[in-house]
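Student: Would you mind keeping the following structure in view while I ask a few things?
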Amino acid sequence: MEKLQVAINKARMQRNKVSQTKSSSEPLEAPKKLTHEKSQKRWEGLTPITVSERTLNHNRLVASAVDTSVKPFDMLRTRILQQARANGWKRIALVSPHSSCGKSTMAANLAFSFGRQSDLRTMILDLDLRRGGLLKILDQSCQYSMADVLEGKISFLEHGRRLGTNVALGLNGKCVKNASEILQSGKTTEILDLIDAEFKQDIVLFDMPPLMEVDDNFGFLKNADCALLVAEAGRTTADQVDVAERQLAELTNVMGVVLNKSHYTQGAYGYGYGYE
């Protein structure tokens with residue numbers, strides 16, 4: 001816990017330093033803004049993917065269907081958009097207190113749900129660089145990872161995948177051990193800004209590592225407008241949620257908490273998910 005607190009204090013100092021720098025001076029070289037037509041060509045240039053029926057069924061990607069099973073994810077999508085628009089947020093980190101909360105499966109389902117929002121461009125980036133969770137869930141393959149993109153070794157246009165016409169995915173075809181150093185680097189901030197300028201997406205979801213297991217989040221969340229905490233029903237304790245919320249609040253805005261893997265099916269937030 002002491003190590004995490006040190007990381008939080010360091011991240012807070014970095015966040016304040018970034019804010020002061022932005023307010024006192026203009027960036028030396030802002031990313032070149034593209035017209036909508038040019039950015040659309042970049043979206044069309046992303047490699048399209050398809051997800052097999054077997055993968056959809058086996059990996060619980062229920063949001064790909066067109067029946068009542070999509071409702072929890074469509075509800076979550078709508079609430080995310082409401083909060084984002086009300087607060088002027090664009091970059092949203094999905095964070096869990098510990099592993100196996102189902103966060104990456106939720107991100108994959110949200111990809112299908114946001115895909116039905118045809119007037120929006122949505123980007124989902126797997127920034128759990130130590131493993132390829134989203135890639136495995138969608139049963140895809142790629143040579144590079146988001147670590148290569150963030151280090152400038154390959155462009156997002158070359159690496160990214162496109163689900164449908166309006167959802168872009170950044171997957172991890174390989175894992176790295178220096179994830180924390182990559183995520184908190186200035187280069188990562190520059191690359192994210194460049195992707196924003198080139199693709200002009202409306203919403204970005206970052207699939208982040210577990211908060212209490214590694215320090216990757218503490219150096220990175222200065223790049224996110226807010227974080228959504230994903231807890232696992234029956235396993236994540238109230239104390240873990242409380243500690244995670246307080247830690248996130250030190251690093252960025254907290255959008256809310258999602259209770260995942262819940263079998264409670266009555267009330268306003270039924271269909272297996274709770275949101276506040």
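Order determines the names: the first chain of the structure tokens is A, the second B, and so forth; residues in each chain are numbered 1 upward, and ligands are numbered 1 upward as they are shown.
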Quick one: residues within 9 Å of Leu248 of chain A, only C-alpha atoms counted, chain neighbours fewer than 3 positions away excluded, as a list in words?
Tutor: Ile8, Val95, Leu211, Asn217, Phe218, Leu221, Cys226, Ala227, Leu229, Val243, Ala244, Glu245, Leu251, Thr252, Asn253 and Val254 of chain A
Student: Which residues, written as a PyMOL selection string, have at least one atom at most 6 Å from segment 184-193 of chain A, with only C-alpha atoms counted and residues fewer than 6 positions away on the same chain left out?
Tutor: chain A and resi 150+219-220
Student: Store the residues picked out above, limited to all heavy atoms, as an mmCIF file, in the first residue's frame.
Tutor:
data_model
loop_
_atom_site.group_PDB
_atom_site.id
_atom_site.type_symbol
_atom_site.label_atom_id
_atom_site.label_comp_id
_atom_site.auth_asym_id
_atom_site.auth_seq_id
_atom_site.Cartn_x
_atom_site.Cartn_y
_atom_site.Cartn_z
ATOM 1 N N LEU A 150 2.624 3.504 -28.994
ATOM 2 C CA LEU A 150 2.925 4.557 -28.033
ATOM 3 C C LEU A 150 4.402 4.931 -28.031
ATOM 4 O O LEU A 150 4.763 6.055 -27.656
ATOM 5 C CB LEU A 150 2.492 4.123 -26.630
ATOM 6 C CG LEU A 150 0.996 3.871 -26.448
ATOM 7 C CD1 LEU A 150 0.702 3.409 -25.029
ATOM 8 C CD2 LEU A 150 0.184 5.111 -26.783
ATOM 9 N N GLY A 219 0.818 6.460 -13.387
ATOM 10 C CA GLY A 219 1.543 7.376 -14.243
ATOM 11 C C GLY A 219 0.779 7.769 -15.497
ATOM 12 O O GLY A 219 1.132 8.741 -16.157
ATOM 13 N N PHE A 220 -0.291 7.015 -15.811
ATOM 14 C CA PHE A 220 -0.987 7.252 -17.076
ATOM 15 C C PHE A 220 -2.253 8.084 -16.954
ATOM 16 O O PHE A 220 -2.598 8.830 -17.872
ATOM 17 C CB PHE A 220 -1.361 5.912 -17.729
ATOM 18 C CG PHE A 220 -2.198 6.076 -18.968
ATOM 19 C CD1 PHE A 220 -1.606 6.376 -20.186
ATOM 20 C CD2 PHE A 220 -3.586 5.962 -18.928
ATOM 21 C CE1 PHE A 220 -2.370 6.565 -21.333
ATOM 22 C CE2 PHE A 220 -4.363 6.137 -20.065
ATOM 23 C CZ PHE A 220 -3.755 6.440 -21.275
#
Student: What's around Met106 of chain A at 12 Å? Count only C-alpha atoms, leave out sequence neighbours fewer than 6 positions away in its own chain, and write the answer as an mmCIF file with N, CA, C and O atoms, in the first residue's frame.
Tutor:
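After the write, selection-v4.cif holds the following:
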data_model
loop_
_atom_site.group_PDB
_atom_site.id
_atom_site.type_symbol
_atom_site.label_atom_id
_atom_site.label_comp_id
_atom_site.auth_asym_id
_atom_site.auth_seq_id
_atom_site.Cartn_x
_atom_site.Cartn_y
_atom_site.Cartn_z
ATOM 1 N N ASN A 59 -17.229 -16.299 -25.732
ATOM 2 C CA ASN A 59 -16.626 -15.246 -24.905
ATOM 3 C C ASN A 59 -17.638 -14.244 -24.360
ATOM 4 O O ASN A 59 -17.284 -13.139 -23.966
ATOM 5 N N ARG A 60 -18.908 -14.616 -24.358
ATOM 6 C CA ARG A 60 -19.975 -13.826 -23.730
ATOM 7 C C ARG A 60 -20.078 -12.409 -24.320
ATOM 8 O O ARG A 60 -20.280 -11.440 -23.593
ATOM 9 N N LEU A 61 -19.950 -12.319 -25.629
ATOM 10 C CA LEU A 61 -20.088 -11.025 -26.296
ATOM 11 C C LEU A 61 -21.549 -10.820 -26.676
ATOM 12 O O LEU A 61 -21.919 -10.776 -27.845
ATOM 13 N N VAL A 62 -22.378 -10.688 -25.658
ATOM 14 C CA VAL A 62 -23.828 -10.651 -25.851
ATOM 15 C C VAL A 62 -24.286 -9.360 -26.511
ATOM 16 O O VAL A 62 -25.375 -9.307 -27.092
ATOM 17 N N ALA A 63 -23.485 -8.296 -26.431
ATOM 18 C CA ALA A 63 -23.906 -7.008 -26.990
ATOM 19 C C ALA A 63 -23.896 -6.999 -28.506
ATOM 20 O O ALA A 63 -24.350 -6.038 -29.124
ATOM 21 N N SER A 64 -23.385 -8.074 -29.112
ATOM 22 C CA SER A 64 -23.397 -8.159 -30.572
ATOM 23 C C SER A 64 -24.758 -8.567 -31.105
ATOM 24 O O SER A 64 -25.039 -8.413 -32.295
ATOM 25 N N VAL A 70 -28.696 -7.171 -25.046
ATOM 26 C CA VAL A 70 -27.837 -6.008 -25.295
ATOM 27 C C VAL A 70 -28.166 -4.854 -24.349
ATOM 28 O O VAL A 70 -27.400 -3.888 -24.265
ATOM 29 N N PRO A 72 -28.143 -4.147 -21.043
ATOM 30 C CA PRO A 72 -27.233 -3.612 -20.033
ATOM 31 C C PRO A 72 -26.097 -2.802 -20.624
ATOM 32 O O PRO A 72 -25.703 -1.774 -20.066
ATOM 33 N N PHE A 73 -25.578 -3.240 -21.767
ATOM 34 C CA PHE A 73 -24.465 -2.517 -22.375
ATOM 35 C C PHE A 73 -24.926 -1.256 -23.087
ATOM 36 O O PHE A 73 -24.234 -0.244 -23.077
ATOM 37 N N ASP A 74 -26.108 -1.307 -23.705
ATOM 38 C CA ASP A 74 -26.651 -0.091 -24.310
ATOM 39 C C ASP A 74 -26.979 0.943 -23.236
ATOM 40 O O ASP A 74 -26.783 2.145 -23.436
ATOM 41 N N LEU A 76 -25.430 1.181 -20.314
ATOM 42 C CA LEU A 76 -24.142 1.687 -19.856
ATOM 43 C C LEU A 76 -23.556 2.661 -20.872
ATOM 44 O O LEU A 76 -23.028 3.719 -20.498
ATOM 45 N N ARG A 77 -23.643 2.322 -22.148
ATOM 46 C CA ARG A 77 -23.161 3.217 -23.204
ATOM 47 C C ARG A 77 -23.838 4.575 -23.125
ATOM 48 O O ARG A 77 -23.185 5.627 -23.178
ATOM 49 N N LEU A 94 -11.250 2.564 -18.256
ATOM 50 C CA LEU A 94 -11.959 1.488 -17.569
ATOM 51 C C LEU A 94 -10.957 0.814 -16.638
ATOM 52 O O LEU A 94 -9.963 0.243 -17.090
ATOM 53 N N VAL A 95 -11.226 0.885 -15.333
ATOM 54 C CA VAL A 95 -10.274 0.409 -14.331
ATOM 55 C C VAL A 95 -10.997 -0.518 -13.355
ATOM 56 O O VAL A 95 -12.143 -0.261 -12.981
ATOM 57 N N SER A 96 -10.315 -1.585 -12.929
ATOM 58 C CA SER A 96 -10.862 -2.484 -11.916
ATOM 59 C C SER A 96 -9.917 -2.512 -10.716
ATOM 60 O O SER A 96 -8.710 -2.301 -10.873
ATOM 61 N N SER A 100 -9.670 -10.108 -13.067
ATOM 62 C CA SER A 100 -10.824 -11.003 -13.258
ATOM 63 C C SER A 100 -12.164 -10.367 -12.921
ATOM 64 O O SER A 100 -13.117 -11.072 -12.585
ATOM 65 N N PHE A 112 -19.320 -3.287 -29.458
ATOM 66 C CA PHE A 112 -20.511 -3.581 -30.271
ATOM 67 C C PHE A 112 -21.627 -2.587 -29.981
ATOM 68 O O PHE A 112 -22.340 -2.146 -30.884
ATOM 69 N N SER A 113 -21.785 -2.218 -28.706
ATOM 70 C CA SER A 113 -22.840 -1.285 -28.346
ATOM 71 C C SER A 113 -22.592 0.095 -28.936
ATOM 72 O O SER A 113 -23.496 0.711 -29.512
ATOM 73 N N PHE A 114 -21.369 0.594 -28.823
ATOM 74 C CA PHE A 114 -21.038 1.893 -29.423
ATOM 75 C C PHE A 114 -21.094 1.820 -30.945
ATOM 76 O O PHE A 114 -21.356 2.827 -31.606
ATOM 77 N N ILE A 124 -11.388 2.156 -28.888
ATOM 78 C CA ILE A 124 -11.137 1.370 -27.676
ATOM 79 C C ILE A 124 -9.711 0.850 -27.744
ATOM 80 O O ILE A 124 -9.370 0.066 -28.630
ATOM 81 N N GLY A 133 -5.506 -9.144 -23.490
ATOM 82 C CA GLY A 133 -6.846 -9.572 -23.122
ATOM 83 C C GLY A 133 -7.900 -9.316 -24.181
ATOM 84 O O GLY A 133 -8.665 -10.216 -24.552
ATOM 85 N N LEU A 134 -7.958 -8.095 -24.711
ATOM 86 C CA LEU A 134 -8.995 -7.742 -25.676
ATOM 87 C C LEU A 134 -8.801 -8.511 -26.979
ATOM 88 O O LEU A 134 -9.773 -8.927 -27.618
ATOM 89 N N ILE A 137 -10.145 -12.047 -26.410
ATOM 90 C CA ILE A 137 -11.600 -12.078 -26.301
ATOM 91 C C ILE A 137 -12.256 -11.976 -27.675
ATOM 92 O O ILE A 137 -13.256 -12.647 -27.964
ATOM 93 N N LEU A 138 -11.680 -11.148 -28.542
ATOM 94 C CA LEU A 138 -12.225 -10.974 -29.893
ATOM 95 C C LEU A 138 -11.663 -11.998 -30.873
ATOM 96 O O LEU A 138 -12.071 -12.024 -32.035
ATOM 97 N N LEU A 205 -12.125 4.851 -25.127
ATOM 98 C CA LEU A 205 -12.129 4.024 -23.929
ATOM 99 C C LEU A 205 -10.769 3.362 -23.793
ATOM 100 O O LEU A 205 -10.297 2.707 -24.727
ATOM 101 N N PHE A 206 -10.127 3.553 -22.640
ATOM 102 C CA PHE A 206 -8.860 2.900 -22.352
ATOM 103 C C PHE A 206 -9.121 1.687 -21.464
ATOM 104 O O PHE A 206 -9.630 1.843 -20.347
ATOM 105 N N ASP A 207 -8.797 0.500 -21.932
ATOM 106 C CA ASP A 207 -8.911 -0.707 -21.112
ATOM 107 C C ASP A 207 -7.619 -0.820 -20.315
ATOM 108 O O ASP A 207 -6.578 -1.224 -20.848
ATOM 109 N N LEU A 228 -13.876 4.999 -15.053
ATOM 110 C CA LEU A 228 -15.048 4.227 -14.665
ATOM 111 C C LEU A 228 -14.547 2.982 -13.947
ATOM 112 O O LEU A 228 -13.782 2.200 -14.518
ATOM 113 N N LEU A 229 -14.950 2.810 -12.710
ATOM 114 C CA LEU A 229 -14.468 1.691 -11.892
ATOM 115 C C LEU A 229 -15.373 0.479 -12.086
ATOM 116 O O LEU A 229 -16.589 0.564 -11.903
ATOM 117 N N VAL A 230 -14.774 -0.659 -12.451
ATOM 118 C CA VAL A 230 -15.516 -1.898 -12.681
ATOM 119 C C VAL A 230 -15.239 -2.855 -11.527
ATOM 120 O O VAL A 230 -14.099 -3.281 -11.316
ATOM 121 N N ALA A 231 -16.277 -3.184 -10.758
ATOM 122 C CA ALA A 231 -16.154 -4.102 -9.623
ATOM 123 C C ALA A 231 -16.847 -5.418 -9.950
ATOM 124 O O ALA A 231 -17.766 -5.462 -10.774
ATOM 125 N N GLU A 232 -16.422 -6.487 -9.287
ATOM 126 C CA GLU A 232 -17.009 -7.810 -9.521
ATOM 127 C C GLU A 232 -17.946 -8.179 -8.382
ATOM 128 O O GLU A 232 -17.537 -8.247 -7.215
ATOM 129 N N VAL A 258 -19.330 0.478 -11.904
ATOM 130 C CA VAL A 258 -20.147 -0.544 -12.560
ATOM 131 C C VAL A 258 -19.997 -1.839 -11.780
ATOM 132 O O VAL A 258 -18.876 -2.291 -11.526
ATOM 133 N N LEU A 259 -21.106 -2.436 -11.385
ATOM 134 C CA LEU A 259 -21.089 -3.739 -10.717
ATOM 135 C C LEU A 259 -21.262 -4.814 -11.776
ATOM 136 O O LEU A 259 -22.342 -4.991 -12.333
ATOM 137 N N ASN A 260 -20.194 -5.533 -12.040
ATOM 138 C CA ASN A 260 -20.173 -6.538 -13.098
ATOM 139 C C ASN A 260 -20.450 -7.933 -12.532
ATOM 140 O O ASN A 260 -20.259 -8.185 -11.347
ATOM 141 N N LYS A 261 -20.919 -8.831 -13.392
ATOM 142 C CA LYS A 261 -21.189 -10.231 -13.038
ATOM 143 C C LYS A 261 -22.250 -10.362 -11.949
ATOM 144 O O LYS A 261 -22.201 -11.290 -11.140
ATOM 145 N N GLY A 272 -28.239 -7.603 -15.018
ATOM 146 C CA GLY A 272 -26.923 -8.060 -14.623
ATOM 147 C C GLY A 272 -25.902 -6.990 -14.353
ATOM 148 O O GLY A 272 -24.776 -7.295 -14.013
ATOM 149 N N TYR A 273 -26.245 -5.693 -14.508
ATOM 150 C CA TYR A 273 -25.252 -4.650 -14.298
ATOM 151 C C TYR A 273 -25.853 -3.509 -13.488
ATOM 152 O O TYR A 273 -26.983 -3.115 -13.692
#
Student: Please run DSSP on the backbone and report, as number ranges by chain, all residues within segment 88-249 of chain A that come out as helix (DSSP H, G or I).
Tutor: A: 103-115, 133-137, 146-150, 156-159, 179-183, 186-199, 216-223, 238-249
Student: Find the residues near segment 176-179 of chain A: any atom within 12 Å, counting only C-alpha atoms, skip ones fewer than 3 places away on the same chain, and give them as a ChimeraX atom specification.
Tutor: /A:126-132,144-148,150-151,172-173,182-185,188,208-209,214-220
Student: Which residue is closest to Asn109 of chain A? Choose from A:Ser69, A:Thr236, A:Thr35, A:Gln201 and count only C-alpha atoms.
Tutor: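 Under the stated criterion, the closest residue is A:Ser69.
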Student: Nearest residue to Lys222 of chain A out of A:Ala93, A:Met75, A:Leu171, A:Leu110, using only C-alpha atoms?
Tutor: A:Ala93
Student: In Å, rounded to a single decimal, give me how far atom CA of Ala238 of chain A is from atom CA of Leu125 of chain A.
Tutor: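 About the pair atom CA of Leu125 of chain A and atom CA of Ala238 of chain A: they are 28.3 Å apart.
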Student: Quote the spacing between atom CA of Val257 of chain A and atom CA of Val66 of chain A in Å to one decimal place.
Tutor: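 About the pair atom CA of Val257 of chain A and atom CA of Val66 of chain A: they are 25.7 Å apart.
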Student: Taking into account only C-alpha atoms, which residue in the set A:Ala197, A:Met255, A:Cys101, A:Ala168 is nearest to Leu120 of chain A?
Tutor: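 Looking only at the distances to Leu120 of chain A, the closest residue turns out to be A:Ala168.
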Student: Counting only C-alpha atoms, figure out which residue out of A:His159, A:Arg116, A:Lys200, A:Lys153 gets nearest to Gln40 of chain A.
Tutor: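 Checking each of A:His159, A:Arg116, A:Lys200, A:Lys153 against Gln40 of chain A, counting only C-alpha atoms, the winner is A:Lys200.
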Student: For a quick check of understanding, using only C-alpha atoms, which of A:Arg85, A:Lys90, A:Lys103, A:Arg54 has the smallest distance to Asp139 of chain A?
Tutor: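 Going through A:Arg85, A:Lys90, A:Lys103, A:Arg54 one by one, the smallest distance to Asp139 of chain A is for A:Arg54.
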Student: Using only C-alpha atoms, which of the listed residues (A:Glu250, A:Glu158, A:Asp225, A:Asp67) sits closest to Trp43 of chain A?
Tutor: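 Looking at the shortest contact to Trp43 of chain A, the residue is A:Glu158.
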Student: One decimal, in Å: what's the spacing between atom CA of Thr50 of chain A and atom CA of Gln140 of chain A?
Tutor: 8.7 Å
